[in-house]
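**Q** Have a peek at work-v1.tsv (TSV, C-alpha atoms).
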```
chain	number	residue	atom	x	y	z
A	1	MET	CA	0.00	0.00	0.00
A	2	ASP	CA	1.47	3.34	-0.90
A	3	PRO	CA	1.23	6.34	1.47
A	4	GLN	CA	-1.56	7.89	-0.62
A	5	ASP	CA	-3.87	4.91	-0.02
A	6	GLN	CA	-3.13	4.83	3.72
A	7	GLN	CA	-4.12	8.45	3.96
A	8	LEU	CA	-7.34	7.67	2.13
A	9	ILE	CA	-8.39	5.25	4.87
A	10	ILE	CA	-7.86	7.72	7.72
A	11	LYS	CA	-9.59	10.41	5.68
A	12	ILE	CA	-12.68	8.25	5.26
A	13	LEU	CA	-12.69	7.33	8.95
A	14	LEU	CA	-12.45	10.94	10.04
A	15	LEU	CA	-15.11	12.09	7.57
A	16	VAL	CA	-17.51	9.43	8.83
A	17	GLY	CA	-16.75	10.49	12.40
A	18	VAL	CA	-17.48	14.14	11.66
A	19	ALA	CA	-20.68	13.23	9.78
A	20	VAL	CA	-22.01	11.10	12.64
A	21	ALA	CA	-21.20	13.76	15.24
A	22	THR	CA	-22.92	16.37	13.08
A	23	VAL	CA	-26.11	14.37	12.73
A	24	LEU	CA	-26.19	13.56	16.46
A	25	LEU	CA	-25.66	17.15	17.48
A	26	THR	CA	-28.26	18.61	15.09
A	27	ARG	CA	-30.89	16.41	16.66
A	28	SER	CA	-30.53	17.82	20.17
A	29	SER	CA	-33.19	20.41	20.89
A	30	THR	CA	-33.31	23.67	22.85
A	31	GLY	CA	-34.69	27.15	21.98
A	32	ALA	CA	-35.37	27.71	18.27
A	33	ARG	CA	-33.05	30.69	17.83
A	34	HIS	CA	-30.25	29.07	19.79
A	35	GLN	CA	-30.70	25.91	17.82
A	36	ALA	CA	-30.53	27.66	14.44
A	37	ILE	CA	-27.28	29.38	15.37
A	38	ARG	CA	-25.84	26.12	16.63
A	39	ARG	CA	-26.81	24.34	13.43
A	40	VAL	CA	-25.17	26.95	11.23
A	41	LEU	CA	-22.00	26.80	13.32
A	42	LEU	CA	-22.13	23.06	13.13
A	43	ILE	CA	-22.35	23.04	9.32
A	44	LEU	CA	-19.44	25.47	9.14
A	45	PHE	CA	-17.50	23.23	11.49
A	46	ALA	CA	-18.32	20.15	9.46
A	47	LEU	CA	-17.23	21.85	6.22
A	48	ALA	CA	-14.01	23.09	7.77
A	49	ALA	CA	-13.29	19.69	9.29
A	50	ALA	CA	-13.92	17.96	5.98
A	51	ALA	CA	-11.74	20.45	4.10
A	52	VAL	CA	-8.88	19.96	6.56
A	53	VAL	CA	-9.17	16.18	6.41
A	54	VAL	CA	-9.10	16.17	2.60
A	55	GLU	CA	-6.34	18.75	2.38
A	56	PRO	CA	-4.22	18.84	5.60
A	57	ALA	CA	-1.99	21.54	4.12
A	58	LEU	CA	-4.90	23.96	4.58
A	59	LEU	CA	-4.59	23.61	8.33
A	60	SER	CA	-0.86	24.29	8.23
A	61	ARG	CA	-1.40	27.31	6.03
A	62	LEU	CA	-4.13	28.56	8.35
A	63	ALA	CA	-1.85	27.92	11.33
A	64	ARG	CA	0.95	29.94	9.80
A	65	PHE	CA	-1.54	32.64	8.88
A	66	VAL	CA	-2.72	33.04	12.50
A	67	GLY	CA	0.87	32.78	13.74
A	68	VAL	CA	1.05	29.19	14.96
A	69	GLY	CA	3.98	27.06	13.82
A	70	ARG	CA	2.24	23.86	12.83
A	71	GLY	CA	-1.25	22.76	11.92
A	72	THR	CA	-1.25	20.16	14.70
A	73	ASP	CA	-0.51	22.88	17.26
A	74	LEU	CA	-3.44	24.93	16.01
A	75	LEU	CA	-5.64	21.87	16.25
A	76	LEU	CA	-4.53	21.26	19.84
A	77	TYR	CA	-5.27	24.85	20.84
A	78	ALA	CA	-8.67	24.78	19.19
A	79	LEU	CA	-9.41	21.51	20.93
A	80	ALA	CA	-8.43	22.87	24.33
A	81	VAL	CA	-10.62	25.94	23.85
A	82	GLY	CA	-13.47	23.85	22.52
A	83	PHE	CA	-13.25	21.52	25.51
A	84	VAL	CA	-13.47	24.34	28.03
A	85	TRP	CA	-16.38	25.87	26.11
A	86	PHE	CA	-18.09	22.50	26.15
A	87	LEU	CA	-17.53	22.12	29.90
A	88	ALA	CA	-18.93	25.57	30.60
A	89	SER	CA	-22.04	25.10	28.52
A	90	TYR	CA	-22.73	21.68	29.98
A	91	TYR	CA	-22.13	22.85	33.54
A	92	GLY	CA	-24.79	25.51	33.01
A	93	ARG	CA	-27.17	23.02	31.51
A	94	MET	CA	-26.57	20.55	34.32
A	95	ARG	CA	-27.33	23.18	36.93
A	96	ALA	CA	-30.56	24.06	35.15
A	97	LEU	CA	-31.43	20.38	35.02
A	98	ASN	CA	-30.71	19.92	38.74
A	99	ARG	CA	-32.95	22.87	39.45
A	100	GLN	CA	-35.74	21.31	37.42
A	101	ILE	CA	-35.38	17.97	39.18
A	102	THR	CA	-35.52	19.74	42.54
A	103	ASP	CA	-38.65	21.69	41.59
A	104	LEU	CA	-40.29	18.59	40.20
A	105	THR	CA	-39.50	16.43	43.22
A	106	ARG	CA	-40.72	19.17	45.58
A	107	ALA	CA	-43.95	19.67	43.63
A	108	LEU	CA	-44.55	15.93	43.71
A	109	ALA	CA	-43.97	15.73	47.47
A	110	LEU	CA	-46.30	18.67	48.12
A	111	ALA	CA	-48.99	17.31	45.78
A	112	GLU	CA	-48.82	13.95	47.53
A	113	ALA	CA	-49.18	15.66	50.91
A	114	ARG	CA	-52.23	17.60	49.65
A	115	ARG	CA	-53.78	14.41	48.30
A	116	THR	CA	-53.45	12.43	51.51
A	117	GLY	CA	-54.30	15.45	53.67
A	118	PRO	CA	-52.67	16.46	56.95
A	119	SER	CA	-52.39	13.49	59.26
B	1	MET	CA	-51.32	21.90	73.74
B	2	SER	CA	-49.93	25.42	73.69
B	3	ASN	CA	-47.80	25.15	70.60
B	4	GLU	CA	-50.55	24.80	68.01
B	5	ASP	CA	-49.04	27.58	65.91
B	6	VAL	CA	-45.68	25.81	65.65
B	7	ALA	CA	-44.49	23.45	62.93
B	8	ILE	CA	-41.33	21.44	63.63
B	9	LEU	CA	-39.52	20.77	60.34
B	10	VAL	CA	-37.27	17.73	60.24
B	11	PRO	CA	-35.37	16.82	57.06
B	12	VAL	CA	-34.64	13.10	57.13
B	13	PHE	CA	-32.22	11.03	55.11
B	14	ASN	CA	-31.52	7.45	56.16
B	15	GLU	CA	-31.98	7.92	59.89
B	16	ALA	CA	-34.38	5.04	60.52
B	17	ARG	CA	-32.55	4.04	63.72
B	18	VAL	CA	-33.23	7.32	65.51
B	19	VAL	CA	-35.86	9.35	63.69
B	20	GLY	CA	-38.80	7.50	65.24
B	21	ASP	CA	-37.67	8.38	68.77
B	22	VAL	CA	-36.82	11.94	67.78
B	23	VAL	CA	-40.31	12.43	66.34
B	24	ARG	CA	-42.00	10.78	69.35
B	25	GLY	CA	-40.11	13.10	71.66
B	26	LEU	CA	-41.18	16.13	69.63
B	27	ARG	CA	-44.81	14.99	69.46
B	28	GLU	CA	-45.03	15.05	73.26
B	29	ARG	CA	-44.77	18.83	73.10
B	30	PHE	CA	-45.82	19.74	69.56
B	31	ASP	CA	-48.88	18.88	67.48
B	32	ARG	CA	-47.27	19.44	64.17
B	33	VAL	CA	-44.07	17.64	63.23
B	34	VAL	CA	-43.31	17.65	59.51
B	35	CYS	CA	-40.66	15.27	58.22
B	36	VAL	CA	-39.37	15.45	54.68
B	37	ASP	CA	-38.01	12.05	53.78
B	38	ASP	CA	-35.29	12.94	51.32
B	39	GLY	CA	-35.38	9.72	49.33
B	40	SER	CA	-34.31	7.46	52.19
B	41	THR	CA	-33.73	3.81	51.40
B	42	ASP	CA	-33.88	2.46	54.96
B	43	GLY	CA	-37.53	3.02	55.86
B	44	SER	CA	-36.93	6.34	57.63
B	45	GLY	CA	-40.23	7.66	56.26
B	46	ASP	CA	-42.23	4.82	57.83
B	47	ALA	CA	-40.38	5.25	61.13
B	48	ALA	CA	-41.25	8.95	61.14
B	49	THR	CA	-44.89	8.22	60.31
B	50	ALA	CA	-45.03	5.67	63.12
B	51	GLY	CA	-43.61	8.29	65.46
B	52	GLY	CA	-46.52	10.58	64.61
B	53	ALA	CA	-45.08	12.96	62.04
B	54	THR	CA	-46.61	14.21	58.81
B	55	VAL	CA	-44.23	12.80	56.23
B	56	LEU	CA	-43.54	14.27	52.81
B	57	ARG	CA	-41.42	12.22	50.50
B	58	HIS	CA	-38.84	13.25	47.93
B	59	ALA	CA	-38.87	10.73	45.11
B	60	THR	CA	-35.09	11.02	44.88
B	61	ASN	CA	-32.37	12.23	47.23
B	62	LEU	CA	-31.77	15.95	46.75
B	63	GLY	CA	-29.92	17.02	49.88
B	64	GLN	CA	-30.78	18.58	53.22
B	65	GLY	CA	-31.24	22.09	51.85
B	66	ALA	CA	-33.82	20.92	49.33
B	67	ALA	CA	-35.63	18.89	52.00
B	68	LEU	CA	-35.73	21.91	54.29
B	69	GLN	CA	-37.17	24.10	51.54
B	70	THR	CA	-39.88	21.53	50.82
B	71	ALA	CA	-40.73	21.46	54.53
B	72	ILE	CA	-40.91	25.26	54.63
B	73	ASP	CA	-43.12	25.37	51.51
B	74	TYR	CA	-45.44	22.82	53.10
B	75	ALA	CA	-45.59	24.56	56.47
B	76	LEU	CA	-46.49	27.83	54.77
B	77	THR	CA	-49.54	26.16	53.20
B	78	LEU	CA	-50.90	25.64	56.73
B	79	PRO	CA	-52.58	28.92	57.72
B	80	GLU	CA	-52.42	28.28	61.47
B	81	VAL	CA	-48.63	27.95	61.51
B	82	ARG	CA	-46.92	31.05	62.89
B	83	TYR	CA	-43.52	29.67	63.85
B	84	LEU	CA	-41.39	27.25	61.87
B	85	VAL	CA	-38.66	25.35	63.71
B	86	THR	CA	-35.89	23.56	61.82
B	87	PHE	CA	-34.69	20.54	63.72
B	88	ASP	CA	-32.11	17.84	62.84
B	89	SER	CA	-33.29	14.26	62.65
B	90	ASP	CA	-30.29	12.65	64.35
B	91	GLY	CA	-31.18	13.48	67.94
B	92	GLN	CA	-28.54	16.17	68.49
B	93	HIS	CA	-31.00	18.91	69.40
B	94	GLN	CA	-32.84	19.35	72.70
B	95	ILE	CA	-36.57	19.93	72.85
B	96	ASP	CA	-36.07	22.19	75.89
B	97	ASP	CA	-33.92	24.44	73.69
B	98	VAL	CA	-36.76	24.69	71.15
B	99	LEU	CA	-39.25	25.67	73.86
B	100	ALA	CA	-36.87	28.28	75.25
B	101	MET	CA	-36.23	29.71	71.78
B	102	LEU	CA	-39.96	29.92	71.09
B	103	ASP	CA	-40.51	31.69	74.42
B	104	LEU	CA	-37.80	34.17	73.50
B	105	ALA	CA	-39.26	34.77	70.03
B	106	ARG	CA	-42.73	35.38	71.47
B	107	ALA	CA	-41.56	37.49	74.38
B	108	GLU	CA	-39.24	39.75	72.42
B	109	ASP	CA	-41.19	39.74	69.15
B	110	LEU	CA	-38.28	38.23	67.24
B	111	ALA	CA	-38.70	36.93	63.68
B	112	ILE	CA	-35.68	34.67	63.79
B	113	VAL	CA	-33.84	32.87	66.59
B	114	PHE	CA	-30.68	31.01	65.62
B	115	GLY	CA	-29.39	28.24	67.85
B	116	SER	CA	-25.69	28.51	68.63
B	117	ARG	CA	-23.50	25.91	70.29
B	118	PHE	CA	-20.70	28.39	70.87
B	119	LEU	CA	-22.46	30.91	73.10
B	120	ASP	CA	-21.73	28.84	76.18
B	121	GLU	CA	-19.48	25.95	77.12
B	122	ARG	CA	-22.02	23.13	77.26
B	123	THR	CA	-21.32	21.66	73.85
B	124	ARG	CA	-18.11	19.69	73.59
B	125	ALA	CA	-16.57	19.72	70.14
B	126	GLY	CA	-13.08	18.58	69.21
B	127	PHE	CA	-10.40	21.11	68.34
B	128	LEU	CA	-10.39	20.40	64.61
B	129	LYS	CA	-14.14	20.38	64.38
B	130	LYS	CA	-14.29	23.69	66.22
B	131	LEU	CA	-11.68	25.15	63.89
B	132	VAL	CA	-13.57	24.10	60.77
B	133	LEU	CA	-16.92	25.29	62.14
B	134	LYS	CA	-15.41	28.63	63.17
B	135	THR	CA	-13.99	29.02	59.68
B	136	ALA	CA	-17.40	28.27	58.20
B	137	VAL	CA	-18.91	30.91	60.50
B	138	TRP	CA	-16.31	33.42	59.40
B	139	VAL	CA	-16.96	32.76	55.71
B	140	THR	CA	-20.70	33.01	56.29
B	141	ASN	CA	-20.38	36.26	58.19
B	142	GLN	CA	-18.28	37.72	55.39
B	143	SER	CA	-20.90	36.94	52.78
B	144	THR	CA	-24.01	37.72	54.83
B	145	GLY	CA	-22.89	40.74	56.79
B	146	MET	CA	-24.36	39.18	59.94
B	147	ARG	CA	-22.42	38.41	63.09
B	148	LEU	CA	-23.23	34.88	64.08
B	149	THR	CA	-21.21	32.64	66.37
B	150	ASP	CA	-22.41	29.38	64.82
B	151	ALA	CA	-23.49	29.18	61.19
B	152	HIS	CA	-24.02	25.47	60.78
B	153	ASN	CA	-26.50	24.82	63.52
B	154	GLY	CA	-29.66	23.09	62.34
B	155	LEU	CA	-31.81	24.49	65.15
B	156	ARG	CA	-33.64	27.69	64.18
B	157	VAL	CA	-36.97	29.32	64.98
B	158	ILE	CA	-38.34	31.24	62.00
B	159	ARG	CA	-41.52	33.28	62.13
B	160	ARG	CA	-43.88	32.97	59.18
B	161	ASP	CA	-43.07	36.39	57.70
B	162	ALA	CA	-39.35	35.60	57.72
B	163	ALA	CA	-39.89	32.11	56.28
B	164	THR	CA	-41.55	33.53	53.17
B	165	GLY	CA	-38.19	35.14	52.35
B	166	VAL	CA	-36.39	31.79	52.23
B	167	HIS	CA	-35.82	30.24	48.81
B	168	LEU	CA	-32.95	27.80	49.15
B	169	THR	CA	-31.16	26.86	45.97
B	170	GLN	CA	-28.13	25.20	47.57
B	171	ASN	CA	-29.42	21.67	47.79
B	172	ARG	CA	-26.46	20.33	49.72
B	173	MET	CA	-24.83	21.44	52.95
B	174	ALA	CA	-24.08	25.04	51.95
B	175	HIS	CA	-27.79	25.83	52.46
B	176	ALA	CA	-26.98	26.56	56.12
B	177	SER	CA	-25.18	29.72	55.05
B	178	GLU	CA	-27.71	30.46	52.35
B	179	ILE	CA	-30.58	30.44	54.84
B	180	VAL	CA	-28.69	32.88	57.08
B	181	LEU	CA	-28.12	35.14	54.08
B	182	GLN	CA	-31.76	35.10	53.01
B	183	LEU	CA	-33.10	35.54	56.53
B	184	GLY	CA	-30.71	38.46	56.97
B	185	ARG	CA	-32.12	40.09	53.85
B	186	THR	CA	-35.60	40.17	55.39
B	187	LYS	CA	-34.23	42.82	57.82
B	188	LEU	CA	-36.42	41.33	60.54
B	189	ALA	CA	-35.35	41.18	64.18
B	190	TRP	CA	-33.15	38.22	65.04
B	191	ARG	CA	-31.20	36.86	67.98
B	192	GLU	CA	-28.86	34.00	68.75
B	193	PHE	CA	-29.65	31.62	71.57
B	194	PRO	CA	-27.27	29.22	73.31
B	195	VAL	CA	-28.23	25.61	72.65
B	196	HIS	CA	-26.71	22.32	73.60
B	197	LEU	CA	-25.75	19.82	70.91
B	198	LEU	CA	-25.51	16.26	72.07
B	199	TYR	CA	-22.74	14.53	70.16
B	200	THR	CA	-23.87	10.96	70.61
B	201	ASP	CA	-21.88	8.09	69.18
B	202	TYR	CA	-24.56	7.83	66.53
B	203	SER	CA	-24.34	11.44	65.43
B	204	LYS	CA	-20.57	11.36	65.60
B	205	ALA	CA	-20.51	8.36	63.32
B	206	LYS	CA	-22.66	9.91	60.66
B	207	GLY	CA	-23.40	13.59	61.30
B	208	GLN	CA	-21.24	16.51	60.33
B	209	SER	CA	-17.90	14.86	59.89
B	210	LEU	CA	-14.81	16.88	59.18
B	211	LEU	CA	-14.91	15.78	55.56
B	212	ASN	CA	-18.40	17.18	55.40
B	213	ALA	CA	-17.14	20.51	56.70
B	214	ILE	CA	-14.54	20.58	53.94
B	215	ASN	CA	-17.34	20.04	51.44
B	216	ILE	CA	-19.22	22.96	52.96
B	217	LEU	CA	-16.24	25.25	52.54
B	218	PHE	CA	-15.85	24.19	48.93
B	219	GLU	CA	-19.52	24.65	48.13
B	220	LEU	CA	-19.41	28.12	49.63
B	221	THR	CA	-16.24	29.14	47.83
B	222	PHE	CA	-17.01	27.75	44.39
B	223	ARG	CA	-20.68	28.32	43.97
```
Do you think you could lay out the structure here as structure tokens?
**A**
Amino acid sequence: MDPQDQQLIIKILLLVGVAVATVLLTRSSTGARHQAIRRVLLILFALAAAAVVVEPALLSRLARFVGVGRGTDLLLYALAVGFVWFLASYYGRMRALNRQITDLTRALALAEARRTGPS
Amino acid sequence: MSNEDVAILVPVFNEARVVGDVVRGLRERFDRVVCVDDGSTDGSGDAATAGGATVLRHATNLGQGAALQTAIDYALTLPEVRYLVTFDSDGQHQIDDVLAMLDLARAEDLAIVFGSRFLDERTRAGFLKKLVLKTAVWVTNQSTGMRLTDAHNGLRVIRRDAATGVHLTQNRMAHASEIVLQLGRTKLAWREFPVHLLYTDYSKAKGQSLLNAINILFELTFR
């Protein structure tokens, strides 16, 4: 197998990975406006990811353009930032979810107490 | 019974061994004992019911702060309740202290009476425990602007008008500071009252351990 073919395999794997992640993420649902923005960003991300997978030199050129030595370094930085962003957004969502569970559990306990009446 | 306008609020989580006796003891002096069973898995709710308490049940464990808020919400639905008393389920608090605190609240027209174990020398706490509790008090005082001697004492008398100002969002242990903060915001008259905490072997084994105190400090710092 020559190097060109080996690269083809990893390119296909990565493209499939990006496609699956894109589909999964588009399906999650929150507010309509929020969701639209997220979907647009997601498509842009998918296109950029695909472009970089097909033509890795793009990433290196972009890296040099923004002042980073190598494409892999740029990728690492983007990943680190993306991870923190992800953590922050999910922390907020988890707190909201905890709040909802608390409200729900409390409402249930109070409704049950009303139903059975004061003993 | 003279305390018809009082609701004793007892958050319960897996205290089946003691909660029945605690409730029975309270019922000798108070008509209305409200337990919130915070998703116990050891039959604590049944033990509290058998002891004569009104039991509300959380479908899942949320934490003491959440249980306390549910108890407060419930007590406020009862129009005859004028004083709400928060009381721990592990048998550390004394009923005589509750009666004395209620007398004080009625006599001096106080909206809030906080129990404090550090106003006199009756309560025996270890050095480390004291240190951690004092630190918690200091942190609480910084954030609330109040001057308490004991922030993490579960024994409090809260008049109805003050209780409507309590909306706890800290489900876990940090609610003890949150309730002080919210009660302070009501600007109603308050006082501390010396109470005696009985550190039984049971409460020592499970109650506020040092590790728990560390959790409190973290919850307060990184909220």
**Q** What are the nearest atom pairs, with distances in Å to one decimal, for all residues of segment 107-168 of chain B that come at most 12 Å from segment 52-70 of chain B, using all atoms listed in the file, set out by chain and rising residue number as JSON lines?
**A**
```
{"residue": "B:His152", "atom": "CA", "partner": "B:Gly65", "partner_atom": "CA", "distance": 12.0}
{"residue": "B:Gly154", "atom": "CA", "partner": "B:Leu68", "partner_atom": "CA", "distance": 10.2}
{"residue": "B:Leu155", "atom": "CA", "partner": "B:Leu68", "partner_atom": "CA", "distance": 11.8}
{"residue": "B:Arg156", "atom": "CA", "partner": "B:Leu68", "partner_atom": "CA", "distance": 11.6}
{"residue": "B:Ala163", "atom": "CA", "partner": "B:Gln69", "partner_atom": "CA", "distance": 9.7}
{"residue": "B:Thr164", "atom": "CA", "partner": "B:Gln69", "partner_atom": "CA", "distance": 10.5}
{"residue": "B:Gly165", "atom": "CA", "partner": "B:Gln69", "partner_atom": "CA", "distance": 11.1}
{"residue": "B:Val166", "atom": "CA", "partner": "B:Gln69", "partner_atom": "CA", "distance": 7.8}
{"residue": "B:His167", "atom": "CA", "partner": "B:Gln69", "partner_atom": "CA", "distance": 6.9}
{"residue": "B:Leu168", "atom": "CA", "partner": "B:Gln69", "partner_atom": "CA", "distance": 6.1}
```
**Q** Enter the distance from atom CA of Gln94 of chain B to atom CA of Arg122 of chain B, in Å, rounded to one decimal.
**A**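 About the pair atom CA of Gln94 of chain B and atom CA of Arg122 of chain B: they are 12.3 Å apart.
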**Q** One decimal, Å: what's the distance from atom CA of Ala96 of chain A over to atom CA of Arg33 of chain A, could you say?
**A**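 Calculated distance between atom CA of Ala96 of chain A and atom CA of Arg33 of chain A is 18.7 Å.
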**Q** Between atom CA of Ser89 of chain B and atom CA of Ala50 of chain B, what distance in Å does the model show, to one decimal?
**A** 14.6 Å
**Q** Only residues of chain A matter here; which ones have an atom within 10 Å of chain B, counting only C-alpha atoms? Give them as a list in words.
**A**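 Interface list for chain A against chain B: Asn98, Arg99, Ile101, Thr102, Asp103, Leu104, Thr105, Arg106, Ala107, Leu108, Ala109, Leu110, Ala111, Glu112, Ala113, Arg114, Gly117, Pro118 and Ser119 of chain A.
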**Q** Using the file's own x, y and z axes, so that the box edges lie along x, y and z, what centre and edge lengths in Å (one decimal) does a box around every listed atom of segment 54-63 of chain B get when 5 Å is added on each side? Give it as JSON.
**A**
```
{"center_x": -38.3, "center_y": 13.9, "center_z": 51.8, "size_x": 26.7, "size_y": 16.3, "size_z": 23.9}
```
**Q** Of the candidates B:Leu197, B:Val157, B:Leu188, B:Ala151, which shows the shortest atom-to-atom distance to Val132 of chain B, using only C-alpha atoms?
**A** B:Ala151
**Q** Considering all atoms listed in the file, state which residue in the set A:Val20, A:Ile43, A:Ala48, A:Leu59 is at the smallest distance from Asp73 of chain A.
**A**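 Among the listed residues, the smallest separation from Asp73 of chain A belongs to A:Leu59.
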**Q** Give the answer as one residue: which of B:Thr86, B:Asn153, B:Gln142, B:Thr186 has the shortest atom-to-atom distance to Ser116 of chain B, using only C-alpha atoms?
**A**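 Selected residue with least distance to Ser116 of chain B: B:Asn153.
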**Q** With only C-alpha atoms as the basis for distance, which of B:Arg159, B:Arg29, B:Arg185, B:His196 is at the shortest distance from Leu76 of chain B?
**A** B:Arg159
**Q** Kindly provide, as a PDB file with C-alpha atoms, in the frame of the given file, the polymer residues lying within 8 Å of (-5.2, 24.4, 11.8), counting only C-alpha atoms and using the coordinates exactly as they appear in the file.
**A**
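Full text of selection_0.pdb as output:
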```pdb
ATOM      1  CA  VAL A  52      -8.880  19.960   6.560  1.00  0.00           C
ATOM      2  CA  LEU A  58      -4.900  23.960   4.580  1.00  0.00           C
ATOM      3  CA  LEU A  59      -4.590  23.610   8.330  1.00  0.00           C
ATOM      4  CA  SER A  60      -0.860  24.290   8.230  1.00  0.00           C
ATOM      5  CA  ARG A  61      -1.400  27.310   6.030  1.00  0.00           C
ATOM      6  CA  LEU A  62      -4.130  28.560   8.350  1.00  0.00           C
ATOM      7  CA  ALA A  63      -1.850  27.920  11.330  1.00  0.00           C
ATOM      8  CA  ARG A  70       2.240  23.860  12.830  1.00  0.00           C
ATOM      9  CA  GLY A  71      -1.250  22.760  11.920  1.00  0.00           C
ATOM     10  CA  THR A  72      -1.250  20.160  14.700  1.00  0.00           C
ATOM     11  CA  ASP A  73      -0.510  22.880  17.260  1.00  0.00           C
ATOM     12  CA  LEU A  74      -3.440  24.930  16.010  1.00  0.00           C
ATOM     13  CA  LEU A  75      -5.640  21.870  16.250  1.00  0.00           C
TER      14      LEU A  75
END
```
**Q** Go through B:Leu198, B:Val137, B:Phe30, B:Ile179 one by one, measure the shortest atom-to-atom distance of each to Val98 of chain B using all atoms listed in the file, and give the residue with the smallest value.
**A**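 Closest candidate: B:Phe30.
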